[in-house]
Amino acid sequence: MTTGARAGGTASILEARDLEVLLGGRQRFLGTAVPPVRAVAGVSLTLAAGETLGLVGESGCGKTTLGRVLLGIQRESAGEVLLDGRIVSGMDRADARKSRNAIQYVHQDAGAALDPWWSIGGILDEGLRVHGLGDAVARHERIDRMLGAVGLDASFRLRYVHELSGGQLRRVALARILLLEPRIVILDEPTSGLDLSVQATVLRLIQDLKARLGLTYLLISHDLSVVQRICDRVAIMYLGRIVEIGPAAQVFAAPRHPYTRTLLAAAPRLVPGHEMPGANLIIGDPPSARHLPPGCAFHPRCAFGESKCTEAVPRLEAAGAVHEVACRRWRAIDVVPVSI
Ligand SMILES: Nc1ncnc2c1ncn2[C@@H]1O[C@H](COP(=O)(O)OP(=O)(O)OP(=O)(O)O)[C@@H](O)[C@H]1O
Ligand SMILES: [Mg+2]
């Protein structure tokens, strides 16, 4: 592990070391075993206090699973999570949650994560009550202040989930976890399903809250334009592994991994007029996460692959001061003529 997976020398607040997560394997009563999915396959990364790290990759690559492990609601199969330099994995669920109250998670589906039977006031009060934070009067005041902070007036207390728009639901979801005073927030697809103008306001709110409350973010998103707008660094994930990580500006301007190039090609407005050789060359669908190809899992879809790519899983190596890439061909790619 070299520098890019670390956050540029600043003190690490949250760290993943060689995390592995196997999900859903089972032995059938009669017949063949169903192999588990290796949803996270040896991920190491750090989050520096105050930064926003983007986590990007296609559907099913393991982003949410990684977020859940960092949060402590999903057990890792191997590896460990460190919070403020202390190992917090391996504890039982209750202890893990307690030690990780500093980390909160905004669910990928904000609406589904909020109880439809409770008023917004009830939903916001619940977390405070569970954590024993203040008497009824103090909680009431805190909730009003927090509603204000996310741009909702106090009348929202009496409303219900089905009465709120997508953007308002995101605000409530943010208010709910911010009441618990986290230091680290994992935002899972915070703008998906919102139209562009609402996306922009939610993103502004996310940035504003970060500055005001001194938060550190892990932002999970499919949407590269969101990541480019608000992330300091970006990690690109493919089938359970980080394949490239570095400062967002550098990764977007000079992506090193062929997979990152294909992602950028799918979002051309990010780099107008910036043609990348091979950027649009992606072959077929991703392989099944249950049966990964040998060596580099991207090689069957890669326009730059060669037979050696099937031999070993490439490890992250330095491609710049704080930029890492897991591709044995990255140095050659800029000069490879494109002929497909
Ligand atoms: N409970 C489970 N049992 C078995 N496999 C699972 C389970 N949960 C997730 N998976 C599998 O683990 C892999 C990673 O899933 P995950 O939800 O972390 O992906 P993701 O990157 O968040 O996708 P999306 O962008 O669609 O939200 C996928 O192959 C998924 O099918
Ligand atoms: Mg997800």
# chains A, B, ... in the order shown; residues from 1 in each chain; ligands from 1
>>> select_by_dssp(residues="segment 109-243 of chain A", states="strand (DSSP E or B)", output="number ranges by chain")
A: 119, 160, 184-188, 216-221, 233-238, 241-243
>>> write_last_selection(atoms="N, CA, C and O atoms", output="JSON list (two decimals), in the first residue's frame")
[["chain", "number", "residue", "atom", "x", "y", "z"],
["A", 119, "SER", "N", -44.80, 10.54, 12.54],
["A", 119, "SER", "CA", -44.64, 11.90, 12.02],
["A", 119, "SER", "C", -43.14, 12.19, 11.92],
["A", 119, "SER", "O", -42.32, 11.51, 12.56],
["A", 160, "TYR", "N", -45.98, 13.61, 7.46],
["A", 160, "TYR", "CA", -45.61, 12.20, 7.34],
["A", 160, "TYR", "C", -44.79, 11.98, 6.07],
["A", 160, "TYR", "O", -44.84, 12.79, 5.13],
["A", 184, "ILE", "N", -18.41, 11.48, 11.23],
["A", 184, "ILE", "CA", -18.26, 10.94, 9.87],
["A", 184, "ILE", "C", -19.65, 10.58, 9.35],
["A", 184, "ILE", "O", -20.42, 9.93, 10.06],
["A", 185, "VAL", "N", -19.96, 10.99, 8.13],
["A", 185, "VAL", "CA", -21.26, 10.64, 7.55],
["A", 185, "VAL", "C", -21.02, 9.89, 6.24],
["A", 185, "VAL", "O", -20.26, 10.34, 5.38],
["A", 186, "ILE", "N", -21.66, 8.73, 6.13],
["A", 186, "ILE", "CA", -21.62, 7.97, 4.89],
["A", 186, "ILE", "C", -22.90, 8.31, 4.13],
["A", 186, "ILE", "O", -24.01, 8.03, 4.60],
["A", 187, "LEU", "N", -22.74, 8.94, 2.99],
["A", 187, "LEU", "CA", -23.90, 9.36, 2.18],
["A", 187, "LEU", "C", -24.01, 8.38, 1.02],
["A", 187, "LEU", "O", -23.16, 8.36, 0.13],
["A", 188, "ASP", "N", -25.05, 7.55, 1.03],
["A", 188, "ASP", "CA", -25.19, 6.53, 0.00],
["A", 188, "ASP", "C", -26.14, 7.06, -1.08],
["A", 188, "ASP", "O", -27.34, 7.18, -0.84],
["A", 216, "THR", "N", -16.80, 14.82, 8.18],
["A", 216, "THR", "CA", -16.01, 14.08, 7.20],
["A", 216, "THR", "C", -16.99, 13.19, 6.44],
["A", 216, "THR", "O", -17.85, 12.57, 7.07],
["A", 217, "TYR", "N", -16.88, 13.16, 5.11],
["A", 217, "TYR", "CA", -17.86, 12.40, 4.33],
["A", 217, "TYR", "C", -17.23, 11.26, 3.53],
["A", 217, "TYR", "O", -16.16, 11.43, 2.93],
["A", 218, "LEU", "N", -17.95, 10.15, 3.50],
["A", 218, "LEU", "CA", -17.72, 9.14, 2.46],
["A", 218, "LEU", "C", -18.96, 9.21, 1.58],
["A", 218, "LEU", "O", -20.07, 8.92, 2.04],
["A", 219, "LEU", "N", -18.78, 9.62, 0.33],
["A", 219, "LEU", "CA", -19.93, 9.82, -0.54],
["A", 219, "LEU", "C", -19.97, 8.73, -1.61],
["A", 219, "LEU", "O", -19.06, 8.63, -2.43],
["A", 220, "ILE", "N", -20.99, 7.90, -1.52],
["A", 220, "ILE", "CA", -21.14, 6.80, -2.46],
["A", 220, "ILE", "C", -22.05, 7.27, -3.59],
["A", 220, "ILE", "O", -23.14, 7.79, -3.32],
["A", 221, "SER", "N", -21.60, 7.11, -4.82],
["A", 221, "SER", "CA", -22.45, 7.59, -5.92],
["A", 221, "SER", "C", -22.10, 6.92, -7.25],
["A", 221, "SER", "O", -20.96, 6.59, -7.51],
["A", 233, "ARG", "N", -11.17, 13.54, -2.81],
["A", 233, "ARG", "CA", -10.55, 12.38, -3.44],
["A", 233, "ARG", "C", -11.64, 11.47, -3.95],
["A", 233, "ARG", "O", -12.79, 11.55, -3.53],
["A", 234, "VAL", "N", -11.25, 10.55, -4.82],
["A", 234, "VAL", "CA", -12.22, 9.60, -5.33],
["A", 234, "VAL", "C", -11.59, 8.21, -5.39],
["A", 234, "VAL", "O", -10.41, 8.06, -5.73],
["A", 235, "ALA", "N", -12.40, 7.21, -4.99],
["A", 235, "ALA", "CA", -11.97, 5.81, -5.10],
["A", 235, "ALA", "C", -12.89, 5.12, -6.09],
["A", 235, "ALA", "O", -14.12, 5.25, -5.99],
["A", 236, "ILE", "N", -12.31, 4.45, -7.07],
["A", 236, "ILE", "CA", -13.10, 3.76, -8.09],
["A", 236, "ILE", "C", -13.12, 2.28, -7.74],
["A", 236, "ILE", "O", -12.06, 1.67, -7.54],
["A", 237, "MET", "N", -14.32, 1.72, -7.66],
["A", 237, "MET", "CA", -14.46, 0.33, -7.22],
["A", 237, "MET", "C", -14.96, -0.53, -8.37],
["A", 237, "MET", "O", -15.86, -0.12, -9.11],
["A", 238, "TYR", "N", -14.37, -1.70, -8.52],
["A", 238, "TYR", "CA", -14.85, -2.64, -9.53],
["A", 238, "TYR", "C", -14.90, -4.03, -8.91],
["A", 238, "TYR", "O", -13.89, -4.54, -8.43],
["A", 241, "ARG", "N", -13.26, -4.46, -5.46],
["A", 241, "ARG", "CA", -11.91, -3.93, -5.21],
["A", 241, "ARG", "C", -11.81, -2.46, -5.60],
["A", 241, "ARG", "O", -12.47, -2.03, -6.54],
["A", 242, "ILE", "N", -10.91, -1.75, -4.91],
["A", 242, "ILE", "CA", -10.58, -0.39, -5.34],
["A", 242, "ILE", "C", -9.55, -0.54, -6.46],
["A", 242, "ILE", "O", -8.50, -1.14, -6.27],
["A", 243, "VAL", "N", -9.88, -0.02, -7.65],
["A", 243, "VAL", "CA", -8.94, -0.15, -8.77],
["A", 243, "VAL", "C", -8.19, 1.15, -9.05],
["A", 243, "VAL", "O", -7.18, 1.14, -9.76]]
>>> residues_near_ligand(ligand="ligand 1", cutoff="6 Å", atoms="only C-alpha atoms and all ligand atoms", output="list in words")
Leu23, Gly24, Val37, Ala39, Glu58, Ser59, Gly60, Cys61, Gly62, Lys63, Thr64, Thr65 and Ala289 of chain A
>>> residues_around(residues="Arg171 of chain A", least_positions_apart="4", cutoff="7 Å", atoms="only C-alpha atoms", output="list in words")
Val150, Gly167 and Ala175 of chain A
>>> atom_distance(atom1="atom CA of Asn101 of chain A", atom2="atom CA of Val130 of chain A")
12.1 Å
>>> closest_residue(among="A:Ile230, A:Cys327, A:Ala49, A:Leu224", to="Arg204 of chain A", atoms="only C-alpha atoms")
A:Ile230
